[in-house]
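Asks: Got a structure for you, entry.tsv, holding TSV, C-alpha atoms.
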chain	number	residue	atom	x	y	z
F	1	MET	CA	44.67	18.66	-32.72
F	2	ALA	CA	44.31	18.28	-28.95
F	3	TYR	CA	46.80	15.86	-27.34
F	4	GLU	CA	48.92	15.74	-30.52
F	5	LYS	CA	52.23	15.62	-28.62
F	6	GLU	CA	50.92	13.00	-26.20
F	7	LEU	CA	49.52	10.89	-29.06
F	8	ASP	CA	52.82	10.95	-30.97
F	9	ALA	CA	54.66	9.86	-27.81
F	10	ALA	CA	52.11	7.11	-27.07
F	11	LYS	CA	52.23	5.74	-30.63
F	12	LYS	CA	56.02	5.66	-30.56
F	13	ALA	CA	56.09	4.01	-27.10
F	14	ALA	CA	53.51	1.32	-27.95
F	15	SER	CA	55.09	0.57	-31.35
F	16	LEU	CA	58.58	0.13	-29.89
F	17	ALA	CA	57.22	-2.02	-27.05
F	18	ALA	CA	55.37	-4.15	-29.63
F	19	ARG	CA	58.63	-4.56	-31.58
F	20	LEU	CA	60.29	-5.91	-28.43
F	21	CYS	CA	57.35	-8.26	-27.80
F	22	GLN	CA	57.44	-9.58	-31.38
F	23	LYS	CA	61.12	-10.41	-31.00
F	24	VAL	CA	60.49	-12.34	-27.79
F	25	GLN	CA	57.41	-14.12	-29.12
F	26	LYS	CA	59.44	-15.40	-32.06
F	27	ALA	CA	62.01	-16.89	-29.73
F	28	LEU	CA	59.61	-17.85	-26.97
F	29	LEU	CA	61.25	-20.19	-24.48
F	30	GLN	CA	59.55	-22.02	-21.67
F	31	SER	CA	61.95	-20.47	-19.17
F	32	ASP	CA	60.49	-17.03	-19.87
F	33	VAL	CA	57.39	-17.82	-17.88
F	34	GLN	CA	57.29	-17.06	-14.17
F	35	SER	CA	54.21	-17.47	-12.04
F	36	LYS	CA	52.25	-14.60	-10.55
F	37	SER	CA	50.09	-14.87	-7.46
F	38	ASP	CA	46.99	-14.72	-9.69
F	39	LYS	CA	48.46	-17.51	-11.85
F	40	SER	CA	48.62	-15.49	-15.04
F	41	PRO	CA	52.03	-15.87	-16.67
F	42	VAL	CA	54.40	-12.98	-16.79
F	43	THR	CA	57.17	-12.90	-19.34
F	44	VAL	CA	60.43	-11.23	-20.09
F	45	ALA	CA	58.53	-9.27	-22.73
F	46	ASP	CA	56.02	-8.03	-20.14
F	47	TYR	CA	58.77	-6.32	-18.13
F	48	GLY	CA	60.64	-5.20	-21.23
F	49	SER	CA	57.52	-3.69	-22.77
F	50	GLN	CA	56.72	-1.74	-19.60
F	51	ALA	CA	60.29	-0.42	-19.38
F	52	VAL	CA	60.25	0.73	-23.02
F	53	VAL	CA	56.91	2.54	-22.68
F	54	SER	CA	58.00	4.19	-19.44
F	55	LEU	CA	61.33	5.36	-20.90
F	56	VAL	CA	59.84	6.65	-24.17
F	57	LEU	CA	57.01	8.58	-22.50
F	58	GLU	CA	59.37	10.14	-19.97
F	59	LYS	CA	61.79	11.20	-22.69
F	60	GLU	CA	59.17	12.53	-25.12
F	61	LEU	CA	57.13	14.34	-22.46
F	62	SER	CA	59.96	15.38	-20.17
F	63	SER	CA	58.48	18.79	-19.37
F	64	GLU	CA	55.41	17.29	-17.66
F	65	PRO	CA	54.89	15.55	-14.30
F	66	PHE	CA	54.85	11.83	-15.11
F	67	SER	CA	52.44	9.29	-13.59
F	68	LEU	CA	52.11	5.74	-14.95
F	69	VAL	CA	49.63	3.14	-13.68
F	70	ALA	CA	50.90	-0.20	-15.01
F	71	GLU	CA	50.61	-3.91	-14.39
F	72	GLU	CA	54.15	-4.83	-13.34
F	73	ASP	CA	56.63	-3.85	-10.66
F	74	SER	CA	60.24	-4.97	-10.30
F	75	GLY	CA	59.78	-6.97	-7.07
F	76	ASP	CA	60.39	-10.40	-8.61
F	77	LEU	CA	63.34	-9.13	-10.66
F	78	ARG	CA	65.11	-7.95	-7.51
F	79	LYS	CA	64.99	-11.41	-5.89
F	80	ASP	CA	67.96	-13.76	-5.70
F	81	GLY	CA	68.19	-15.93	-8.78
F	82	SER	CA	66.72	-13.29	-11.11
F	83	LYS	CA	70.03	-11.84	-12.30
F	84	ASP	CA	70.08	-13.66	-15.65
F	85	THR	CA	66.47	-12.69	-16.41
F	86	LEU	CA	67.15	-9.07	-15.46
F	87	GLU	CA	70.23	-8.91	-17.70
F	88	ARG	CA	68.31	-10.48	-20.56
F	89	ILE	CA	65.49	-7.91	-20.25
F	90	THR	CA	68.02	-5.06	-20.06
F	91	LYS	CA	69.70	-6.26	-23.27
F	92	LEU	CA	66.33	-6.58	-25.02
F	93	VAL	CA	65.33	-3.06	-24.02
F	94	ASN	CA	68.70	-1.63	-25.07
F	95	ASP	CA	68.51	-3.42	-28.44
F	96	THR	CA	64.97	-2.10	-28.98
F	97	LEU	CA	65.78	1.51	-28.07
F	98	ALA	CA	68.93	1.40	-30.25
F	99	THR	CA	66.60	1.31	-33.27
F	100	GLU	CA	65.25	4.74	-32.26
F	101	GLU	CA	67.47	7.70	-33.14
F	102	SER	CA	66.30	9.91	-30.29
F	103	PHE	CA	67.89	7.54	-27.76
F	104	GLY	CA	71.25	8.26	-29.37
F	105	GLY	CA	73.04	5.05	-28.43
F	106	SER	CA	72.70	5.54	-24.66
F	107	THR	CA	72.90	2.21	-22.82
F	108	LEU	CA	70.77	1.38	-19.78
F	109	SER	CA	72.12	-0.45	-16.76
F	110	THR	CA	70.05	-3.05	-14.90
F	111	ASP	CA	69.34	-0.39	-12.25
F	112	ASP	CA	68.04	1.97	-14.94
F	113	LEU	CA	65.75	-0.81	-16.12
F	114	LEU	CA	64.38	-1.53	-12.63
F	115	ARG	CA	63.72	2.17	-12.11
F	116	ALA	CA	61.88	2.39	-15.46
F	117	ILE	CA	59.66	-0.58	-14.57
F	118	ASP	CA	58.89	0.93	-11.16
F	119	CYS	CA	57.76	4.19	-12.73
F	120	GLY	CA	54.53	2.24	-13.26
F	121	THR	CA	53.52	2.05	-9.61
F	122	SER	CA	51.20	5.07	-9.57
F	123	GLU	CA	47.72	4.45	-8.14
F	124	GLY	CA	45.84	6.68	-10.62
F	125	GLY	CA	42.68	8.34	-9.34
F	126	PRO	CA	40.41	11.28	-10.19
F	127	ASN	CA	42.97	14.10	-10.19
F	128	GLY	CA	45.66	15.06	-12.68
F	129	ARG	CA	47.07	13.07	-15.60
F	130	HIS	CA	47.83	9.37	-15.44
F	131	TRP	CA	49.11	7.15	-18.21
F	132	VAL	CA	47.66	3.62	-17.95
F	133	LEU	CA	49.53	0.64	-19.41
F	134	ASP	CA	49.08	-3.06	-19.91
F	135	PRO	CA	52.51	-3.98	-21.30
F	136	ILE	CA	51.21	-7.26	-22.71
F	137	ASP	CA	47.46	-7.56	-22.60
F	138	GLY	CA	46.61	-11.19	-23.31
F	139	THR	CA	49.68	-12.97	-21.92
F	140	LYS	CA	48.12	-16.38	-22.59
F	141	GLY	CA	47.54	-15.44	-26.23
F	142	PHE	CA	51.11	-14.18	-26.38
F	143	LEU	CA	52.42	-17.51	-25.06
F	144	ARG	CA	50.32	-19.45	-27.58
F	145	GLY	CA	51.70	-17.32	-30.42
F	146	ASP	CA	48.25	-15.76	-30.81
F	147	GLN	CA	46.62	-12.34	-30.20
F	148	TYR	CA	47.91	-9.86	-27.65
F	149	ALA	CA	48.17	-6.07	-27.41
F	150	VAL	CA	50.31	-3.34	-25.93
F	151	ALA	CA	47.55	-1.15	-24.49
F	152	LEU	CA	48.29	2.43	-23.47
F	153	GLY	CA	45.80	5.11	-22.43
F	154	LEU	CA	45.80	8.54	-20.84
F	155	LEU	CA	43.43	9.65	-18.08
F	156	GLU	CA	42.85	13.32	-17.37
F	157	GLU	CA	40.85	14.15	-14.23
F	158	GLY	CA	39.55	10.57	-14.22
F	159	LYS	CA	38.37	10.55	-17.86
F	160	VAL	CA	40.00	8.69	-20.76
F	161	VAL	CA	41.26	11.20	-23.33
F	162	LEU	CA	43.61	9.08	-25.44
F	163	GLY	CA	44.18	5.42	-26.25
F	164	VAL	CA	46.64	3.41	-28.35
F	165	LEU	CA	46.45	-0.32	-29.07
F	166	ALA	CA	49.38	-2.02	-30.76
F	167	CYS	CA	48.22	-5.46	-31.95
F	168	PRO	CA	51.19	-7.20	-33.60
F	169	ASN	CA	49.33	-10.35	-34.71
F	170	LEU	CA	46.03	-8.82	-35.83
F	171	PRO	CA	45.60	-8.87	-39.63
F	172	LEU	CA	44.97	-5.56	-41.35
F	173	ALA	CA	42.05	-7.24	-43.14
F	174	SER	CA	38.86	-8.07	-41.21
F	175	ILE	CA	38.80	-11.14	-38.97
F	176	ALA	CA	34.99	-11.37	-39.24
F	177	GLY	CA	33.77	-14.93	-39.73
F	178	ASN	CA	32.72	-14.48	-43.34
F	179	ASN	CA	36.06	-12.96	-44.32
F	180	LYS	CA	38.31	-15.81	-43.23
F	181	ASN	CA	39.16	-16.67	-46.83
F	182	ASN	CA	39.21	-13.12	-48.07
F	183	LYS	CA	42.72	-12.47	-49.34
F	184	SER	CA	41.78	-9.62	-51.63
F	185	SER	CA	42.57	-6.57	-49.55
F	186	SER	CA	45.76	-7.47	-47.71
F	187	ASP	CA	47.74	-10.26	-46.08
F	188	GLU	CA	49.54	-7.76	-43.89
F	189	ILE	CA	49.69	-8.43	-40.16
F	190	GLY	CA	50.03	-5.97	-37.30
F	191	CYS	CA	47.69	-3.06	-36.51
F	192	LEU	CA	48.04	0.15	-34.55
F	193	PHE	CA	44.74	1.70	-33.39
F	194	PHE	CA	44.65	5.14	-31.81
F	195	ALA	CA	42.03	7.59	-30.62
F	196	THR	CA	41.87	10.95	-28.88
F	197	ILE	CA	38.72	12.38	-27.36
F	198	GLY	CA	36.51	14.08	-29.92
F	199	SER	CA	38.75	13.20	-32.88
F	200	GLY	CA	37.66	9.69	-33.90
F	201	THR	CA	39.57	6.39	-34.12
F	202	TYR	CA	42.24	5.55	-36.67
F	203	MET	CA	44.07	2.40	-37.71
F	204	GLN	CA	47.35	1.94	-39.53
F	205	LEU	CA	49.80	-0.84	-40.21
F	206	LEU	CA	52.06	-1.33	-37.20
F	207	ASP	CA	55.71	-0.44	-37.77
F	208	SER	CA	55.08	1.42	-40.99
F	209	LYS	CA	54.67	4.97	-42.17
F	210	SER	CA	51.42	4.09	-43.93
F	211	SER	CA	48.60	6.62	-43.74
F	212	PRO	CA	46.10	6.07	-40.94
F	213	VAL	CA	42.52	5.18	-41.94
F	214	LYS	CA	39.52	6.39	-39.92
F	215	VAL	CA	37.44	3.45	-38.67
F	216	GLN	CA	33.82	3.01	-37.57
F	217	VAL	CA	32.04	0.35	-35.55
F	218	SER	CA	29.59	-2.00	-37.29
F	219	SER	CA	26.30	-0.41	-38.32
F	220	VAL	CA	24.36	-3.70	-37.97
F	221	GLU	CA	20.89	-3.08	-36.49
F	222	ASN	CA	19.45	-6.59	-36.59
F	223	PRO	CA	20.94	-8.71	-33.78
F	224	GLU	CA	20.45	-11.85	-35.89
F	225	GLU	CA	23.12	-10.50	-38.23
F	226	ALA	CA	25.49	-9.45	-35.45
F	227	SER	CA	28.59	-11.41	-34.59
F	228	PHE	CA	30.06	-11.19	-31.12
F	229	PHE	CA	33.47	-11.38	-29.53
F	230	GLU	CA	34.38	-12.89	-26.19
F	231	SER	CA	37.55	-13.85	-24.35
F	232	PHE	CA	39.45	-16.85	-25.65
F	233	GLU	CA	40.01	-18.16	-22.14
F	234	GLY	CA	37.00	-19.59	-20.34
F	235	ALA	CA	38.66	-18.53	-17.09
F	236	HIS	CA	38.35	-14.89	-18.16
F	237	SER	CA	34.65	-14.85	-19.00
F	238	LEU	CA	31.49	-16.89	-18.45
F	239	HIS	CA	30.94	-18.33	-21.92
F	240	ASP	CA	27.61	-19.97	-20.94
F	241	LEU	CA	26.14	-16.59	-19.94
F	242	SER	CA	27.32	-15.06	-23.23
F	243	SER	CA	25.71	-17.97	-25.08
F	244	SER	CA	22.38	-17.43	-23.31
F	245	ILE	CA	22.45	-13.71	-24.23
F	246	ALA	CA	23.28	-14.51	-27.85
F	247	ASN	CA	20.34	-16.95	-28.00
F	248	LYS	CA	17.94	-14.31	-26.65
F	249	LEU	CA	19.10	-11.87	-29.31
F	250	GLY	CA	18.81	-14.49	-32.05
F	251	VAL	CA	22.52	-14.19	-32.96
F	252	LYS	CA	23.24	-16.88	-35.55
F	253	ALA	CA	27.01	-16.66	-35.92
F	254	PRO	CA	29.21	-18.55	-33.44
F	255	PRO	CA	31.26	-16.35	-31.08
F	256	VAL	CA	34.67	-15.13	-32.20
F	257	ARG	CA	37.04	-15.88	-29.30
F	258	ILE	CA	40.23	-13.87	-29.23
F	259	ASP	CA	42.59	-12.74	-26.50
F	260	SER	CA	43.29	-9.23	-25.28
F	261	GLN	CA	42.12	-5.75	-26.19
F	262	ALA	CA	42.74	-6.68	-29.83
F	263	LYS	CA	38.96	-7.35	-29.57
F	264	TYR	CA	38.34	-3.65	-28.99
F	265	GLY	CA	40.46	-2.82	-32.02
F	266	ALA	CA	38.66	-5.33	-34.23
F	267	LEU	CA	35.28	-4.04	-32.99
F	268	SER	CA	36.24	-0.43	-33.70
F	269	ARG	CA	36.65	-1.25	-37.40
F	270	GLY	CA	33.44	-3.28	-37.58
F	271	ASP	CA	34.78	-6.87	-37.61
F	272	GLY	CA	32.10	-7.78	-35.06
F	273	ALA	CA	29.18	-5.92	-33.49
F	274	ILE	CA	29.13	-7.02	-29.84
F	275	TYR	CA	31.69	-7.80	-27.13
F	276	LEU	CA	30.63	-9.53	-23.92
F	277	ARG	CA	32.86	-10.02	-20.88
F	278	PHE	CA	31.51	-11.56	-17.69
F	279	PRO	CA	34.31	-12.47	-15.29
F	280	HIS	CA	33.86	-15.11	-12.62
F	281	LYS	CA	32.47	-13.94	-9.29
F	282	GLY	CA	35.00	-12.19	-7.10
F	283	TYR	CA	37.22	-11.04	-9.98
F	284	ARG	CA	37.94	-7.30	-10.01
F	285	GLU	CA	38.64	-5.73	-13.37
F	286	LYS	CA	41.78	-3.61	-13.61
F	287	ILE	CA	41.70	-0.30	-15.44
F	288	TRP	CA	44.64	-1.19	-17.72
F	289	ASP	CA	42.59	-4.02	-19.24
F	290	HIS	CA	40.04	-1.56	-20.67
F	291	VAL	CA	41.19	2.09	-20.73
F	292	ALA	CA	42.79	2.11	-24.20
F	293	GLY	CA	40.23	-0.27	-25.72
F	294	ALA	CA	37.26	1.69	-24.40
F	295	ILE	CA	38.22	4.98	-26.06
F	296	VAL	CA	39.23	3.22	-29.30
F	297	VAL	CA	35.67	1.83	-29.51
F	298	THR	CA	33.75	4.89	-28.29
F	299	GLU	CA	35.57	7.27	-30.66
F	300	ALA	CA	34.64	4.86	-33.48
F	301	GLY	CA	30.96	5.28	-32.56
F	302	GLY	CA	30.50	2.40	-30.12
F	303	ILE	CA	29.21	2.28	-26.54
F	304	VAL	CA	31.03	0.61	-23.64
F	305	THR	CA	29.15	0.02	-20.36
F	306	ASP	CA	28.85	-2.39	-17.47
F	307	ALA	CA	26.00	-4.92	-17.39
F	308	ALA	CA	23.66	-2.33	-15.85
F	309	GLY	CA	24.31	0.11	-18.72
F	310	LYS	CA	26.50	2.45	-16.67
F	311	PRO	CA	29.65	3.97	-18.24
F	312	LEU	CA	32.97	2.59	-17.00
F	313	ASP	CA	34.49	4.76	-14.26
F	314	PHE	CA	38.29	4.87	-14.51
F	315	SER	CA	38.71	7.48	-11.75
F	316	LYS	CA	38.73	5.13	-8.76
F	317	GLY	CA	42.34	3.95	-8.86
F	318	LYS	CA	43.62	0.65	-10.26
F	319	TYR	CA	40.30	-1.19	-10.16
F	320	LEU	CA	36.97	-0.82	-11.94
F	321	ASP	CA	33.88	-1.22	-9.76
F	322	LEU	CA	31.40	-2.84	-12.10
F	323	ASP	CA	27.97	-4.36	-12.18
F	324	THR	CA	28.61	-7.97	-13.29
F	325	GLY	CA	30.56	-7.42	-16.52
F	326	ILE	CA	31.37	-5.30	-19.56
F	327	ILE	CA	29.30	-5.04	-22.73
F	328	VAL	CA	30.13	-3.25	-25.97
F	329	ALA	CA	27.92	-2.58	-29.00
F	330	ASN	CA	26.77	0.13	-31.38
F	331	GLU	CA	23.98	2.58	-30.42
F	332	LYS	CA	21.25	0.65	-32.27
F	333	LEU	CA	22.04	-2.74	-30.70
F	334	MET	CA	22.76	-1.56	-27.15
F	335	PRO	CA	19.15	-1.31	-25.82
F	336	LEU	CA	18.36	-4.84	-27.10
F	337	LEU	CA	21.64	-6.14	-25.74
F	338	LEU	CA	21.09	-4.62	-22.29
F	339	LYS	CA	17.65	-6.23	-22.06
F	340	ALA	CA	19.04	-9.65	-23.08
F	341	VAL	CA	21.84	-9.26	-20.53
F	342	ARG	CA	19.42	-8.38	-17.72
F	343	ASP	CA	17.07	-11.26	-18.59
F	344	SER	CA	19.88	-13.82	-18.84
F	345	ILE	CA	21.47	-12.76	-15.54
F	346	ALA	CA	18.06	-12.89	-13.81
F	347	GLU	CA	17.46	-16.42	-15.17
F	348	GLN	CA	20.89	-17.60	-13.99
F	349	GLU	CA	20.30	-16.14	-10.52
F	350	LYS	CA	16.91	-17.81	-10.35
F	351	ALA	CA	18.35	-21.18	-11.44
F	352	SER	CA	21.18	-21.01	-8.91
F	353	ALA	CA	18.74	-20.19	-6.12
F	354	LEU	CA	16.74	-23.37	-6.74
Using structure tokens, write down the structure that the file contains.
Replies:
Amino acid sequence: MAYEKELDAAKKAASLAARLCQKVQKALLQSDVQSKSDKSPVTVADYGSQAVVSLVLEKELSSEPFSLVAEEDSGDLRKDGSKDTLERITKLVNDTLATEESFGGSTLSTDDLLRAIDCGTSEGGPNGRHWVLDPIDGTKGFLRGDQYAVALGLLEEGKVVLGVLACPNLPLASIAGNNKNNKSSSDEIGCLFFATIGSGTYMQLLDSKSSPVKVQVSSVENPEEASFFESFEGAHSLHDLSSSIANKLGVKAPPVRIDSQAKYGALSRGDGAIYLRFPHKGYREKIWDHVAGAIVVTEAGGIVTDAAGKPLDFSKGKYLDLDTGIIVANEKLMPLLLKAVRDSIAEQEKASAL
């Protein structure tokens, strides 16, 4: 299989990072939260997760040039007053890697940790290979004890060729509205989704040797029967626009609001049929928020575009240049969805011009 070595490394990196995140989430303390200039919280687990992924990929793929485009850098950890936080992250990372035989009991210093975090300062772009990481996608969900994901993808010459989503709090059973009380299949929590280009999308239980299962997006053709996902946080997406689109399509089910790229994972296995994301004006989407999720959905038979129906272009560096938002659906629903999106946006523009 193409990218077999890279996929094994990515699955190991994301799974170990998720293990670190689970440990922190269990013992979540208010003091873990710092503020970022864009006001989204960053946690000890965010830095720890990035360090783990960076270290594992470098070790497993040591023969290749290594480029990582990731959300964090070590700037805040190098400031006065950050010593305790830095030492705490270093201990967490060492404890996590100690569970992995290939790291053979080697202990990282705080300098090693800072260097590992700063491996993620690549700018990406259209040439060569770039790993793309969101160490905790859905930090607000993480802080609430809810959904989040470790999202890791690989770009080759500007195209996504591999994606892994570790979703520690996503049930193995469907989260679709009508399955809330369905206990029959499994009460197990924690999913690992992975996809490589041309090979489909698979899901398995996180942190287990269980056999992966191939997954497919929903085959729903009638929009009235489709359920849709959107961001939990109103600040992340215009819920009123999504509601207008759903009304045009005749969608009857209320939206399922969950944090992070766990939505992409749930969509890839058919829990819902549509995902709508319309950020507030002026917000620029970052590639690490969509790279892994996009290939997980497309390899499961879905389509991911911007609001104009154009494919997402991950070759432009850290940011996505989009028309208005991101929409995801299966092939049958996409033409209807695009029309509803265009009509709803036109109506909103007309109303705001009055």
Asks: With distances taken over only C-alpha atoms, which residue among F:Glu299, F:Asp112, F:Asp146, F:Glu72 lies nearest Ala262 in chain F?
Replies: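 Of all the options, F:Asp146 lies closest to Ala262 in chain F.
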Asks: So that I can check the surroundings of range 242-244 of chain F, please list as a ChimeraX atom specification every protein, DNA and RNA residue that reaches within 12 Å of it, counting only C-alpha atoms and ignoring chain neighbours fewer than 5 positions away.
Replies: /F:227-231,234,237,249-257,274-279,307,325-327,337,340-348
Asks: In Å to one decimal, how far is CA of Arg284 in chain F from CA of Asp321 in chain F?
Replies: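 Separation between CA of Asp321 in chain F and CA of Arg284 in chain F: 7.3 Å.
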Asks: Kindly assemble as CSV a list of the range 263-328 of chain F residues that lie within 8 Å of range 127-144 of chain F, each paired with its nearest atom pair and their distance in Å to one decimal, using only C-alpha atoms, sorted first by chain and then by ascending residue number.
Replies:
residue,atom,partner,partner_atom,distance
F:Ile287,CA,F:Val132,CA,7.6
F:Trp288,CA,F:Asp134,CA,5.3
F:Asp289,CA,F:Asp134,CA,6.6
F:Val291,CA,F:Val132,CA,7.2
Asks: Take the residues just selected and output them with C-alpha atoms as a compact mmCIF listing (two decimals), keeping the file's coordinate frame.
Replies:
# COMPACT_ATOMS: atom_id res chain seq x y z
CA ILE F 287 41.70 -0.30 -15.44
CA TRP F 288 44.64 -1.19 -17.72
CA ASP F 289 42.59 -4.02 -19.24
CA VAL F 291 41.19 2.09 -20.73
Asks: Using CA of Ala351 in chain F and CA of Ile258 in chain F as the two end points, give the distance in Å to one decimal.
Replies: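 Pair CA of Ala351 in chain F / CA of Ile258 in chain F returns 29.1 Å.
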Asks: So how many Å separate CA of Lys318 in chain F and CA of Asp73 in chain F, to one decimal?
Replies: 13.8 Å
Asks: What are the nearest atom pairs, with distances in Å to one decimal, for all residues of range 161-235 of chain F that come at most 7 Å from range 10-17 of chain F, using all atoms listed in the file, set out by chain and rising residue number as a tab-separated table?
Replies:
residue	atom	partner	partner_atom	distance
F:Val164	CA	F:Lys11	CA	6.5
F:Ala166	CA	F:Ala14	CA	6.0
F:Leu206	CA	F:Ser15	CA	6.9
F:Asp207	CA	F:Ser15	CA	6.5
Asks: So that I can check the surroundings of Ala27 in chain F, please list as a ChimeraX atom specification every protein, DNA and RNA residue that reaches within 12 Å of it, counting all atoms listed in the file and ignoring chain neighbours fewer than 4 positions away.
Replies: /F:20-23,31-32,44-45,142-143,145
Asks: Using all atoms listed in the file, can you tell me which of F:Ser67, F:Ser219, F:Ser106, F:Thr324 comes closest to Glu349 in chain F?
Replies: F:Thr324
Asks: When you look at Lys332 in chain F with a cut-off of 10 Å (counting only C-alpha atoms), what residues show up, excluding the ones that are within fewer than 4 positions of it in the same chain? I need them as a ChimeraX atom specification.
Replies: /F:219-223,302-303,336-337
Asks: Find the spatial neighbours of Val217 in chain F, counting all atoms listed in the file, within a cut-off of 10 Å - ignore same-chain residues fewer than 2 positions away - and output them as a list in words.
Replies: Thr201, Val215, Ser219, Val220, Tyr264, Gly265, Ala266, Leu267, Ser268, Arg269, Gly270, Asp271, Gly272, Ala273, Ile274, Val296, Val297, Thr298, Glu299, Ala300, Gly301, Gly302, Ile303, Ala329, Asn330 and Glu331 of chain F
Asks: Generate the coordinates of all heavy atoms for range 12-18 of chain F; report them as a compact mmCIF listing (two decimals), in the frame of the given file.
Replies:
# COMPACT_ATOMS: atom_id res chain seq x y z
N LYS F 12 54.61 6.09 -30.49
CA LYS F 12 56.02 5.66 -30.56
C LYS F 12 56.31 4.64 -29.46
O LYS F 12 56.93 3.59 -29.70
CB LYS F 12 56.95 6.87 -30.38
CG LYS F 12 58.43 6.49 -30.46
CD LYS F 12 59.35 7.65 -30.07
CE LYS F 12 59.63 8.56 -31.24
NZ LYS F 12 60.77 9.48 -30.97
N ALA F 13 55.83 4.91 -28.23
CA ALA F 13 56.09 4.01 -27.10
C ALA F 13 55.47 2.63 -27.33
O ALA F 13 56.13 1.60 -27.16
CB ALA F 13 55.52 4.63 -25.82
N ALA F 14 54.21 2.61 -27.75
CA ALA F 14 53.51 1.32 -27.95
C ALA F 14 54.12 0.54 -29.11
O ALA F 14 54.25 -0.68 -29.06
CB ALA F 14 52.02 1.56 -28.18
N SER F 15 54.51 1.24 -30.17
CA SER F 15 55.09 0.57 -31.35
C SER F 15 56.44 -0.06 -31.02
O SER F 15 56.73 -1.19 -31.42
CB SER F 15 55.25 1.55 -32.51
OG SER F 15 54.00 2.07 -32.90
N LEU F 16 57.27 0.69 -30.28
CA LEU F 16 58.58 0.13 -29.89
C LEU F 16 58.42 -1.04 -28.92
O LEU F 16 59.12 -2.05 -29.03
CB LEU F 16 59.44 1.23 -29.23
CG LEU F 16 60.18 2.17 -30.17
CD1 LEU F 16 60.80 3.31 -29.39
CD2 LEU F 16 61.26 1.43 -30.96
N ALA F 17 57.47 -0.91 -27.99
CA ALA F 17 57.22 -2.02 -27.05
C ALA F 17 56.73 -3.25 -27.82
O ALA F 17 57.13 -4.38 -27.53
CB ALA F 17 56.19 -1.59 -26.01
N ALA F 18 55.87 -3.03 -28.82
CA ALA F 18 55.37 -4.15 -29.63
C ALA F 18 56.52 -4.81 -30.40
O ALA F 18 56.55 -6.04 -30.55
CB ALA F 18 54.30 -3.66 -30.60
